[in-house]
>>> print(open('input08.pdb').read())   # PDB, C-alpha atoms
ATOM      1  CA  MET A   5      12.867 -26.320   0.758  1.00  0.00           C
ATOM      2  CA  GLU A   6      11.996 -27.141   4.360  1.00  0.00           C
ATOM      3  CA  ALA A   7      15.260 -29.055   4.707  1.00  0.00           C
ATOM      4  CA  ILE A   8      17.242 -26.127   3.263  1.00  0.00           C
ATOM      5  CA  TYR A   9      15.574 -23.754   5.709  1.00  0.00           C
ATOM      6  CA  LEU A  10      16.323 -25.989   8.702  1.00  0.00           C
ATOM      7  CA  ARG A  11      19.934 -26.571   7.642  1.00  0.00           C
ATOM      8  CA  TYR A  12      20.963 -23.170   6.247  1.00  0.00           C
ATOM      9  CA  SER A  13      18.185 -20.702   7.290  1.00  0.00           C
ATOM     10  CA  TYR A  14      17.523 -19.737   3.656  1.00  0.00           C
ATOM     11  CA  ASP A  15      13.763 -19.609   3.305  1.00  0.00           C
ATOM     12  CA  PHE A  16      12.372 -20.542  -0.125  1.00  0.00           C
ATOM     13  CA  ARG A  17       9.244 -22.159   1.276  1.00  0.00           C
ATOM     14  CA  ASP A  18       6.929 -19.372   0.085  1.00  0.00           C
ATOM     15  CA  TYR A  19       8.378 -19.046  -3.394  1.00  0.00           C
ATOM     16  CA  THR A  20       5.929 -20.120  -6.096  1.00  0.00           C
ATOM     17  CA  GLY A  21       5.831 -23.855  -6.714  1.00  0.00           C
ATOM     18  CA  ALA A  22       6.100 -23.643 -10.495  1.00  0.00           C
ATOM     19  CA  SER A  23       9.187 -21.446 -10.267  1.00  0.00           C
ATOM     20  CA  GLN A  24      10.812 -23.769  -7.723  1.00  0.00           C
ATOM     21  CA  LYS A  25      10.198 -26.824  -9.882  1.00  0.00           C
ATOM     22  CA  ARG A  26      11.765 -25.190 -12.925  1.00  0.00           C
ATOM     23  CA  ARG A  27      14.822 -24.096 -11.004  1.00  0.00           C
ATOM     24  CA  VAL A  28      15.387 -27.412  -9.249  1.00  0.00           C
ATOM     25  CA  ALA A  29      14.907 -29.359 -12.482  1.00  0.00           C
ATOM     26  CA  TYR A  30      17.471 -27.127 -14.184  1.00  0.00           C
ATOM     27  CA  ALA A  31      19.862 -27.497 -11.241  1.00  0.00           C
ATOM     28  CA  LEU A  32      19.670 -31.305 -11.457  1.00  0.00           C
ATOM     29  CA  GLY A  33      20.891 -31.181 -15.030  1.00  0.00           C
ATOM     30  CA  GLN A  34      23.621 -28.635 -14.348  1.00  0.00           C
ATOM     31  CA  LEU A  35      24.868 -30.490 -11.272  1.00  0.00           C
ATOM     32  CA  ASP A  36      24.611 -33.895 -12.980  1.00  0.00           C
ATOM     33  CA  LEU A  37      22.409 -35.464 -10.318  1.00  0.00           C
ATOM     34  CA  PRO A  38      19.727 -38.088 -11.034  1.00  0.00           C
ATOM     35  CA  SER A  39      16.983 -37.025  -8.612  1.00  0.00           C
ATOM     36  CA  ILE A  40      15.793 -34.475  -6.084  1.00  0.00           C
ATOM     37  CA  SER A  41      16.540 -36.919  -3.264  1.00  0.00           C
ATOM     38  CA  ALA A  42      20.133 -37.198  -4.487  1.00  0.00           C
ATOM     39  CA  LEU A  43      20.343 -33.412  -4.631  1.00  0.00           C
ATOM     40  CA  GLN A  44      18.932 -33.080  -1.119  1.00  0.00           C
ATOM     41  CA  GLU A  45      21.442 -35.577   0.268  1.00  0.00           C
ATOM     42  CA  ARG A  46      24.376 -33.711  -1.263  1.00  0.00           C
ATOM     43  CA  VAL A  47      23.065 -30.291  -0.257  1.00  0.00           C
ATOM     44  CA  LEU A  48      22.475 -31.250   3.371  1.00  0.00           C
ATOM     45  CA  ARG A  49      25.891 -32.866   3.696  1.00  0.00           C
ATOM     46  CA  GLU A  50      27.974 -30.383   1.710  1.00  0.00           C
ATOM     47  CA  PRO A  51      27.692 -26.603   2.249  1.00  0.00           C
ATOM     48  CA  ALA A  52      29.663 -26.074  -0.967  1.00  0.00           C
ATOM     49  CA  MET A  53      26.946 -27.912  -2.907  1.00  0.00           C
ATOM     50  CA  PHE A  54      24.308 -25.682  -1.338  1.00  0.00           C
ATOM     51  CA  ALA A  55      26.310 -22.627  -2.444  1.00  0.00           C
ATOM     52  CA  ARG A  56      26.205 -23.976  -5.998  1.00  0.00           C
ATOM     53  CA  LEU A  57      22.484 -24.745  -5.789  1.00  0.00           C
ATOM     54  CA  LEU A  58      21.815 -21.225  -4.508  1.00  0.00           C
ATOM     55  CA  GLN A  59      22.926 -19.829  -7.865  1.00  0.00           C
ATOM     56  CA  TYR A  60      20.072 -21.684  -9.532  1.00  0.00           C
ATOM     57  CA  LEU A  61      17.466 -20.983  -6.858  1.00  0.00           C
ATOM     58  CA  THR A  62      17.949 -17.207  -6.961  1.00  0.00           C
ATOM     59  CA  VAL A  63      18.244 -16.682 -10.747  1.00  0.00           C
ATOM     60  CA  PRO A  64      20.872 -13.894 -10.720  1.00  0.00           C
ATOM     61  CA  VAL A  65      19.820 -12.339 -14.032  1.00  0.00           C
ATOM     62  CA  SER A  66      19.456  -8.603 -14.629  1.00  0.00           C
ATOM     63  CA  GLU A  67      20.415  -5.798 -17.002  1.00  0.00           C
ATOM     64  CA  MET A  68      21.146  -2.086 -16.767  1.00  0.00           C
ATOM     65  CA  PHE A  69      18.243   0.308 -17.265  1.00  0.00           C
ATOM     66  CA  ARG A  70      15.893  -2.627 -17.808  1.00  0.00           C
ATOM     67  CA  ASP A  71      12.450  -1.326 -18.806  1.00  0.00           C
ATOM     68  CA  PRO A  72      13.721   2.165 -19.768  1.00  0.00           C
ATOM     69  CA  ALA A  73      10.274   3.713 -19.284  1.00  0.00           C
ATOM     70  CA  TYR A  74      10.583   2.938 -15.566  1.00  0.00           C
ATOM     71  CA  PHE A  75      13.775   4.960 -15.250  1.00  0.00           C
ATOM     72  CA  LEU A  76      12.354   7.755 -17.384  1.00  0.00           C
ATOM     73  CA  ALA A  77       9.357   7.933 -15.034  1.00  0.00           C
ATOM     74  CA  LEU A  78      11.719   8.075 -12.063  1.00  0.00           C
ATOM     75  CA  ARG A  79      13.520  11.026 -13.656  1.00  0.00           C
ATOM     76  CA  GLN A  80      10.359  12.901 -14.517  1.00  0.00           C
ATOM     77  CA  GLN A  81       7.981  12.079 -11.664  1.00  0.00           C
ATOM     78  CA  VAL A  82      10.035  10.951  -8.660  1.00  0.00           C
ATOM     79  CA  VAL A  83      13.309  12.896  -8.800  1.00  0.00           C
ATOM     80  CA  PRO A  84      11.629  16.325  -8.406  1.00  0.00           C
ATOM     81  CA  HIS A  85      10.195  15.132  -5.084  1.00  0.00           C
ATOM     82  CA  LEU A  86      13.501  13.614  -3.960  1.00  0.00           C
ATOM     83  CA  HIS A  87      15.129  17.021  -4.456  1.00  0.00           C
ATOM     84  CA  THR A  88      12.970  18.364  -1.621  1.00  0.00           C
ATOM     85  CA  TYR A  89      14.711  16.115   0.945  1.00  0.00           C
ATOM     86  CA  PRO A  90      17.970  17.232   2.581  1.00  0.00           C
ATOM     87  CA  SER A  91      19.210  13.660   2.177  1.00  0.00           C
ATOM     88  CA  VAL A  92      17.818  10.621   0.386  1.00  0.00           C
ATOM     89  CA  THR A  93      17.894   6.926   1.198  1.00  0.00           C
ATOM     90  CA  VAL A  94      17.180   4.343  -1.480  1.00  0.00           C
ATOM     91  CA  TRP A  95      16.693   0.611  -0.989  1.00  0.00           C
ATOM     92  CA  VAL A  96      17.270  -1.707  -3.958  1.00  0.00           C
ATOM     93  CA  ALA A  97      15.792  -4.984  -2.715  1.00  0.00           C
ATOM     94  CA  GLY A  98      16.849  -8.111  -4.563  1.00  0.00           C
ATOM     95  CA  CYS A  99      19.698  -6.283  -6.274  1.00  0.00           C
ATOM     96  CA  SER A 100      21.136  -9.449  -7.859  1.00  0.00           C
ATOM     97  CA  THR A 101      24.472  -8.723  -9.557  1.00  0.00           C
ATOM     98  CA  GLY A 102      24.117  -4.950  -9.305  1.00  0.00           C
ATOM     99  CA  GLU A 103      22.956  -3.755 -12.712  1.00  0.00           C
ATOM    100  CA  GLU A 104      19.991  -1.859 -11.273  1.00  0.00           C
ATOM    101  CA  VAL A 105      22.104  -0.325  -8.521  1.00  0.00           C
ATOM    102  CA  TYR A 106      24.543   1.147 -11.030  1.00  0.00           C
ATOM    103  CA  SER A 107      21.650   2.288 -13.214  1.00  0.00           C
ATOM    104  CA  LEU A 108      20.092   4.186 -10.314  1.00  0.00           C
ATOM    105  CA  ALA A 109      23.468   5.619  -9.306  1.00  0.00           C
ATOM    106  CA  ILE A 110      23.981   6.967 -12.826  1.00  0.00           C
ATOM    107  CA  LEU A 111      20.493   8.458 -12.875  1.00  0.00           C
ATOM    108  CA  LEU A 112      20.955  10.066  -9.449  1.00  0.00           C
ATOM    109  CA  ARG A 113      24.329  11.506 -10.446  1.00  0.00           C
ATOM    110  CA  GLU A 114      22.874  13.050 -13.589  1.00  0.00           C
ATOM    111  CA  GLU A 115      20.047  14.539 -11.547  1.00  0.00           C
ATOM    112  CA  GLY A 116      22.417  16.010  -8.948  1.00  0.00           C
ATOM    113  CA  LEU A 117      21.284  13.734  -6.136  1.00  0.00           C
ATOM    114  CA  LEU A 118      23.918  11.024  -5.785  1.00  0.00           C
ATOM    115  CA  GLU A 119      26.189  12.965  -3.438  1.00  0.00           C
ATOM    116  CA  ARG A 120      23.429  13.202  -0.824  1.00  0.00           C
ATOM    117  CA  THR A 121      21.937   9.759  -1.379  1.00  0.00           C
ATOM    118  CA  ARG A 122      22.642   6.576   0.553  1.00  0.00           C
ATOM    119  CA  ILE A 123      21.782   3.392  -1.345  1.00  0.00           C
ATOM    120  CA  TYR A 124      21.220   0.059   0.370  1.00  0.00           C
ATOM    121  CA  ALA A 125      21.525  -2.808  -2.115  1.00  0.00           C
ATOM    122  CA  THR A 126      20.407  -6.141  -0.685  1.00  0.00           C
ATOM    123  CA  ASP A 127      20.185  -9.731  -1.831  1.00  0.00           C
ATOM    124  CA  ILE A 128      20.329 -13.243  -0.352  1.00  0.00           C
ATOM    125  CA  ASN A 129      22.981 -14.521  -2.759  1.00  0.00           C
ATOM    126  CA  PRO A 130      26.544 -13.786  -1.542  1.00  0.00           C
ATOM    127  CA  GLU A 131      28.065 -14.465  -4.969  1.00  0.00           C
ATOM    128  CA  SER A 132      25.698 -11.986  -6.600  1.00  0.00           C
ATOM    129  CA  LEU A 133      26.540  -9.363  -3.970  1.00  0.00           C
ATOM    130  CA  ALA A 134      30.268  -9.912  -4.532  1.00  0.00           C
ATOM    131  CA  GLN A 135      29.817  -9.380  -8.260  1.00  0.00           C
ATOM    132  CA  ALA A 136      27.700  -6.284  -7.625  1.00  0.00           C
ATOM    133  CA  ARG A 137      30.452  -4.770  -5.495  1.00  0.00           C
ATOM    134  CA  GLN A 138      32.935  -5.194  -8.359  1.00  0.00           C
ATOM    135  CA  GLY A 139      30.788  -3.369 -10.911  1.00  0.00           C
ATOM    136  CA  ILE A 140      32.157  -5.428 -13.785  1.00  0.00           C
ATOM    137  CA  PHE A 141      29.722  -6.555 -16.460  1.00  0.00           C
ATOM    138  CA  PRO A 142      30.063  -8.403 -19.798  1.00  0.00           C
ATOM    139  CA  LEU A 143      31.156  -6.130 -22.595  1.00  0.00           C
ATOM    140  CA  ASP A 144      28.860  -7.848 -25.080  1.00  0.00           C
ATOM    141  CA  ALA A 145      25.868  -6.668 -23.028  1.00  0.00           C
ATOM    142  CA  VAL A 146      26.901  -3.009 -23.032  1.00  0.00           C
ATOM    143  CA  ARG A 147      25.344  -2.292 -26.430  1.00  0.00           C
ATOM    144  CA  ARG A 148      21.950  -3.315 -25.029  1.00  0.00           C
ATOM    145  CA  TYR A 149      22.596  -1.354 -21.844  1.00  0.00           C
ATOM    146  CA  THR A 150      23.499   1.704 -23.917  1.00  0.00           C
ATOM    147  CA  ALA A 151      20.227   1.539 -25.852  1.00  0.00           C
ATOM    148  CA  ASN A 152      18.294   1.160 -22.585  1.00  0.00           C
ATOM    149  CA  TYR A 153      20.131   4.126 -21.080  1.00  0.00           C
ATOM    150  CA  GLN A 154      19.367   6.345 -24.043  1.00  0.00           C
ATOM    151  CA  ARG A 155      15.654   5.453 -23.955  1.00  0.00           C
ATOM    152  CA  SER A 156      15.569   6.125 -20.215  1.00  0.00           C
ATOM    153  CA  GLY A 157      16.445   9.796 -20.711  1.00  0.00           C
ATOM    154  CA  GLY A 158      20.197   9.513 -20.242  1.00  0.00           C
ATOM    155  CA  LYS A 159      21.971  12.853 -20.470  1.00  0.00           C
ATOM    156  CA  ARG A 160      25.517  11.839 -21.375  1.00  0.00           C
ATOM    157  CA  ALA A 161      27.395   9.300 -23.438  1.00  0.00           C
ATOM    158  CA  PHE A 162      26.967   5.968 -21.682  1.00  0.00           C
ATOM    159  CA  SER A 163      30.634   5.204 -22.347  1.00  0.00           C
ATOM    160  CA  ASP A 164      31.534   7.986 -19.895  1.00  0.00           C
ATOM    161  CA  TYR A 165      30.618   5.628 -17.064  1.00  0.00           C
ATOM    162  CA  TYR A 166      32.789   2.605 -17.785  1.00  0.00           C
ATOM    163  CA  THR A 167      36.205   1.460 -18.934  1.00  0.00           C
ATOM    164  CA  ALA A 168      36.351  -1.432 -21.386  1.00  0.00           C
ATOM    165  CA  ALA A 169      39.080  -4.046 -21.089  1.00  0.00           C
ATOM    166  CA  TYR A 170      39.174  -7.441 -22.746  1.00  0.00           C
ATOM    167  CA  ASP A 171      35.605  -8.816 -22.595  1.00  0.00           C
ATOM    168  CA  ALA A 172      34.385  -6.739 -19.653  1.00  0.00           C
ATOM    169  CA  ALA A 173      33.237  -3.242 -18.796  1.00  0.00           C
ATOM    170  CA  ARG A 174      34.257  -1.883 -15.393  1.00  0.00           C
ATOM    171  CA  PHE A 175      31.965   0.869 -14.216  1.00  0.00           C
ATOM    172  CA  ASP A 176      33.186   3.958 -12.432  1.00  0.00           C
ATOM    173  CA  PRO A 177      33.687   2.851  -8.796  1.00  0.00           C
ATOM    174  CA  THR A 178      32.741   6.300  -7.508  1.00  0.00           C
ATOM    175  CA  LEU A 179      29.164   5.588  -8.595  1.00  0.00           C
ATOM    176  CA  CYS A 180      28.790   3.073  -5.786  1.00  0.00           C
ATOM    177  CA  ALA A 181      31.399   4.362  -3.364  1.00  0.00           C
ATOM    178  CA  ASP A 182      28.728   4.989  -0.740  1.00  0.00           C
ATOM    179  CA  VAL A 183      26.465   2.043  -1.577  1.00  0.00           C
ATOM    180  CA  ILE A 184      25.983  -0.496   1.200  1.00  0.00           C
ATOM    181  CA  PHE A 185      25.739  -4.002  -0.255  1.00  0.00           C
ATOM    182  CA  ALA A 186      24.240  -6.328   2.332  1.00  0.00           C
ATOM    183  CA  ASP A 187      22.646  -9.721   2.830  1.00  0.00           C
ATOM    184  CA  HIS A 188      18.919  -9.366   3.474  1.00  0.00           C
ATOM    185  CA  SER A 189      16.017 -11.766   3.020  1.00  0.00           C
ATOM    186  CA  LEU A 190      12.518 -10.498   2.315  1.00  0.00           C
ATOM    187  CA  ALA A 191      11.270 -13.832   3.652  1.00  0.00           C
ATOM    188  CA  THR A 192      12.872 -13.700   7.102  1.00  0.00           C
ATOM    189  CA  ASP A 193      14.480 -10.324   7.859  1.00  0.00           C
ATOM    190  CA  SER A 194      13.014  -7.040   9.065  1.00  0.00           C
ATOM    191  CA  VAL A 195      13.273  -3.383   8.067  1.00  0.00           C
ATOM    192  CA  PHE A 196      16.659  -1.764   8.687  1.00  0.00           C
ATOM    193  CA  ALA A 197      16.322   1.852   7.463  1.00  0.00           C
ATOM    194  CA  GLN A 198      13.849   4.609   6.658  1.00  0.00           C
ATOM    195  CA  THR A 199      13.831   5.256   2.926  1.00  0.00           C
ATOM    196  CA  GLN A 200      12.376   7.652   0.374  1.00  0.00           C
ATOM    197  CA  LEU A 201      12.512   5.187  -2.537  1.00  0.00           C
ATOM    198  CA  VAL A 202      12.312   1.397  -2.616  1.00  0.00           C
ATOM    199  CA  SER A 203      13.008  -0.306  -5.937  1.00  0.00           C
ATOM    200  CA  CYS A 204      12.236  -4.036  -5.964  1.00  0.00           C
ATOM    201  CA  ARG A 205      11.749  -5.205  -9.508  1.00  0.00           C
ATOM    202  CA  ASN A 206      11.085  -8.682 -10.851  1.00  0.00           C
ATOM    203  CA  VAL A 207      11.391 -10.268  -7.413  1.00  0.00           C
ATOM    204  CA  LEU A 208       7.794 -10.507  -6.209  1.00  0.00           C
ATOM    205  CA  ILE A 209       6.798 -12.563  -9.256  1.00  0.00           C
ATOM    206  CA  TYR A 210       8.690 -15.485  -7.683  1.00  0.00           C
ATOM    207  CA  PHE A 211       6.798 -15.208  -4.363  1.00  0.00           C
ATOM    208  CA  ASN A 212       3.446 -16.649  -3.379  1.00  0.00           C
ATOM    209  CA  ARG A 213       0.729 -14.328  -2.116  1.00  0.00           C
ATOM    210  CA  ALA A 214       1.713 -14.557   1.547  1.00  0.00           C
ATOM    211  CA  LEU A 215       5.347 -13.723   0.865  1.00  0.00           C
ATOM    212  CA  GLN A 216       4.390 -10.903  -1.501  1.00  0.00           C
ATOM    213  CA  ASP A 217       2.322  -9.371   1.290  1.00  0.00           C
ATOM    214  CA  ARG A 218       5.209  -9.756   3.725  1.00  0.00           C
ATOM    215  CA  ALA A 219       7.608  -8.007   1.354  1.00  0.00           C
ATOM    216  CA  LEU A 220       5.169  -5.189   0.603  1.00  0.00           C
ATOM    217  CA  GLY A 221       4.686  -4.752   4.349  1.00  0.00           C
ATOM    218  CA  LEU A 222       8.447  -4.324   4.769  1.00  0.00           C
ATOM    219  CA  PHE A 223       8.541  -1.742   1.991  1.00  0.00           C
ATOM    220  CA  HIS A 224       5.609   0.159   3.500  1.00  0.00           C
ATOM    221  CA  GLU A 225       7.273   0.181   6.919  1.00  0.00           C
ATOM    222  CA  SER A 226      10.589   1.301   5.441  1.00  0.00           C
ATOM    223  CA  LEU A 227       9.205   4.173   3.370  1.00  0.00           C
ATOM    224  CA  SER A 228       8.897   7.607   4.866  1.00  0.00           C
ATOM    225  CA  TYR A 229       5.641   9.522   4.511  1.00  0.00           C
ATOM    226  CA  ARG A 230       4.770   9.787   0.796  1.00  0.00           C
ATOM    227  CA  GLY A 231       7.811   7.716  -0.183  1.00  0.00           C
ATOM    228  CA  PHE A 232       7.982   5.891  -3.517  1.00  0.00           C
ATOM    229  CA  LEU A 233       7.853   2.203  -4.414  1.00  0.00           C
ATOM    230  CA  GLY A 234       8.927   0.817  -7.794  1.00  0.00           C
ATOM    231  CA  LEU A 235       8.039  -2.720  -8.893  1.00  0.00           C
ATOM    232  CA  GLY A 236       8.685  -4.844 -11.977  1.00  0.00           C
ATOM    233  CA  SER A 237       6.676  -4.645 -15.179  1.00  0.00           C
ATOM    234  CA  LYS A 238       4.628  -7.753 -14.323  1.00  0.00           C
ATOM    235  CA  GLU A 239       4.126  -6.907 -10.651  1.00  0.00           C
ATOM    236  CA  SER A 240       1.405  -4.965  -8.856  1.00  0.00           C
ATOM    237  CA  ILE A 241       0.005  -4.182  -5.434  1.00  0.00           C
ATOM    238  CA  ASP A 242      -3.611  -4.235  -6.662  1.00  0.00           C
ATOM    239  CA  PHE A 243      -4.610  -7.558  -5.128  1.00  0.00           C
ATOM    240  CA  SER A 244      -2.401  -7.419  -2.063  1.00  0.00           C
ATOM    241  CA  ASN A 245      -3.305  -6.554   1.507  1.00  0.00           C
ATOM    242  CA  TRP A 246      -1.383  -3.293   1.008  1.00  0.00           C
ATOM    243  CA  SER A 247      -3.225  -1.929  -2.023  1.00  0.00           C
ATOM    244  CA  GLY A 248      -5.091   0.641   0.056  1.00  0.00           C
ATOM    245  CA  HIS A 249      -1.857   1.964   1.539  1.00  0.00           C
ATOM    246  CA  PHE A 250      -0.370   3.186  -1.752  1.00  0.00           C
ATOM    247  CA  ASP A 251      -1.437   5.609  -4.466  1.00  0.00           C
ATOM    248  CA  THR A 252      -0.577   4.875  -8.083  1.00  0.00           C
ATOM    249  CA  LEU A 253       1.871   7.408  -9.491  1.00  0.00           C
ATOM    250  CA  ALA A 254       2.691   5.763 -12.840  1.00  0.00           C
ATOM    251  CA  ARG A 255       0.637   2.624 -13.464  1.00  0.00           C
ATOM    252  CA  ALA A 256       2.315   1.448 -16.661  1.00  0.00           C
ATOM    253  CA  GLU A 257       5.759   1.863 -15.093  1.00  0.00           C
ATOM    254  CA  ARG A 258       4.654   0.297 -11.767  1.00  0.00           C
ATOM    255  CA  ILE A 259       5.572   3.236  -9.533  1.00  0.00           C
ATOM    256  CA  PHE A 260       3.497   3.826  -6.410  1.00  0.00           C
ATOM    257  CA  ARG A 261       3.514   6.326  -3.568  1.00  0.00           C
ATOM    258  CA  LYS A 262       2.893   5.610   0.090  1.00  0.00           C
ATOM    259  CA  ALA A 263      -0.515   6.957   1.071  1.00  0.00           C
ATOM    260  CA  SER A 264      -0.864   5.969   4.721  1.00  0.00           C
TER     261      SER A 264
END
>>> encode(input="input08.pdb", output="structure tokens")
Amino acid sequence: MEAIYLRYSYDFRDYTGASQKRRVAYALGQLDLPSISALQERVLREPAMFARLLQYLTVPVSEMFRDPAYFLALRQQVVPHLHTYPSVTVWVAGCSTGEEVYSLAILLREEGLLERTRIYATDINPESLAQARQGIFPLDAVRRYTANYQRSGGKRAFSDYYTAAYDAARFDPTLCADVIFADHSLATDSVFAQTQLVSCRNVLIYFNRALQDRALGLFHESLSYRGFLGLGSKESIDFSNWSGHFDTLARAERIFRKAS
């Protein structure tokens, strides 16, 4: 990880050790390499090999309206506050292949907020960002997405938002017409915008304590007064250095509000 940072400036040094070991072990099998030293030699010599390895290090896995109760809580407890702002800025940190971005865009459209909302969707994986920009997802996953959407308080037929062709579903491009997809690392980069909502879900679980605190510090700095932070179902701020700077809005759904 130190070698990758020095060669490519991608910083995985504060990701949890157990997670790193699992990912690298899996990558060895997928790349048909006998050892970590062999992998390191190839990665340091061949940028294309690093690009392949990056797909295993970042685990680009997501789904639309994952944890429906989270999105229902956003509708019921966060959206009414967002309506009080003349304009809204949302940051989806660690957006992966874009499923959460499109989910939020659908929710905001149904709540009459999308037209005055700017969404920043960031990730460190350029291939994931490219896929997110396309808004094309596997058709065989849409049944699960539809069930999630319905449980999240969806107000329309989910099929209104996509066109099916062959084995893929292409989502309405107007949903993300004003979304800014950008490369951003929670390990090395700084805050770039003031926001009213930060959604970073199932990312912090891969960080060690120091990197979790760094990321939470970025979110706190980015959020406007009394802005909202949404985390993943297994994530919390309770034992971080930032726990005293947020109030809990919906504990089970992991939604917090900036306190100071």
>>> closest_residue(input="input08.pdb", among="A:Val96, A:Pro142, A:Tyr60, A:His87", to="Lys25 in chain A", atoms="only C-alpha atoms")
A:Tyr60
>>> resolve_selection(input="input08.pdb", expression="the PyMOL selection byres ((chain A and resi 131) around 12)", output="PyMOL selection string")
chain A and resi 55-60+62-64+99-102+127-130+132-138+185-187
>>> resolve_selection(input="input08.pdb", expression="the PyMOL selection byres ((chain A and resi 167-178) around 10)", output="list in words")
Tyr106, Ala109, Ile110, Arg137, Gln138, Gly139, Ile140, Phe141, Pro142, Leu143, Asp144, Ala145, Val146, Ser163, Asp164, Tyr165, Tyr166, Leu179, Cys180, Ala181, Asp182 and Val183 of chain A
>>> atom_distance(input="input08.pdb", atom1="CA of Leu35 in chain A", atom2="CA of Met5 in chain A")
17.5 Å
>>> atom_distance(input="input08.pdb", atom1="CA of Ser91 in chain A", atom2="CA of Arg258 in chain A")
24.2 Å
>>> resolve_selection(input="input08.pdb", expression="the PyMOL selection byres ((chain A and resi 197-201) around 9)", output="ChimeraX atom specification")
/A:82,86,89,92-96,124,195-196,202-203,223,225-234
>>> atom_distance(input="input08.pdb", atom1="CA of Glu119 in chain A", atom2="CA of Tyr74 in chain A")
22.2 Å
>>> residues_around(input="input08.pdb", residues="Tyr14 in chain A", least_positions_apart="4", cutoff="9 Å", atoms="all atoms listed in the file", output="ChimeraX atom specification")
/A:5,8-10,128,189,191-192
>>> write_last_selection(input="input08.pdb", atoms="C-alpha atoms", output="PDB file, in the coordinates of the input")
ATOM      1  CA  MET A   5      12.867 -26.320   0.758  1.00  0.00           C
ATOM      2  CA  ILE A   8      17.242 -26.127   3.263  1.00  0.00           C
ATOM      3  CA  TYR A   9      15.574 -23.754   5.709  1.00  0.00           C
ATOM      4  CA  LEU A  10      16.323 -25.989   8.702  1.00  0.00           C
ATOM      5  CA  ILE A 128      20.329 -13.243  -0.352  1.00  0.00           C
ATOM      6  CA  SER A 189      16.017 -11.766   3.020  1.00  0.00           C
ATOM      7  CA  ALA A 191      11.270 -13.832   3.652  1.00  0.00           C
ATOM      8  CA  THR A 192      12.872 -13.700   7.102  1.00  0.00           C
TER       9      THR A 192
END
>>> closest_residue(input="input08.pdb", among="A:Leu190, A:Arg120, A:Ser247, A:Ile184", to="Asp15 in chain A", atoms="all atoms listed in the file")
A:Leu190
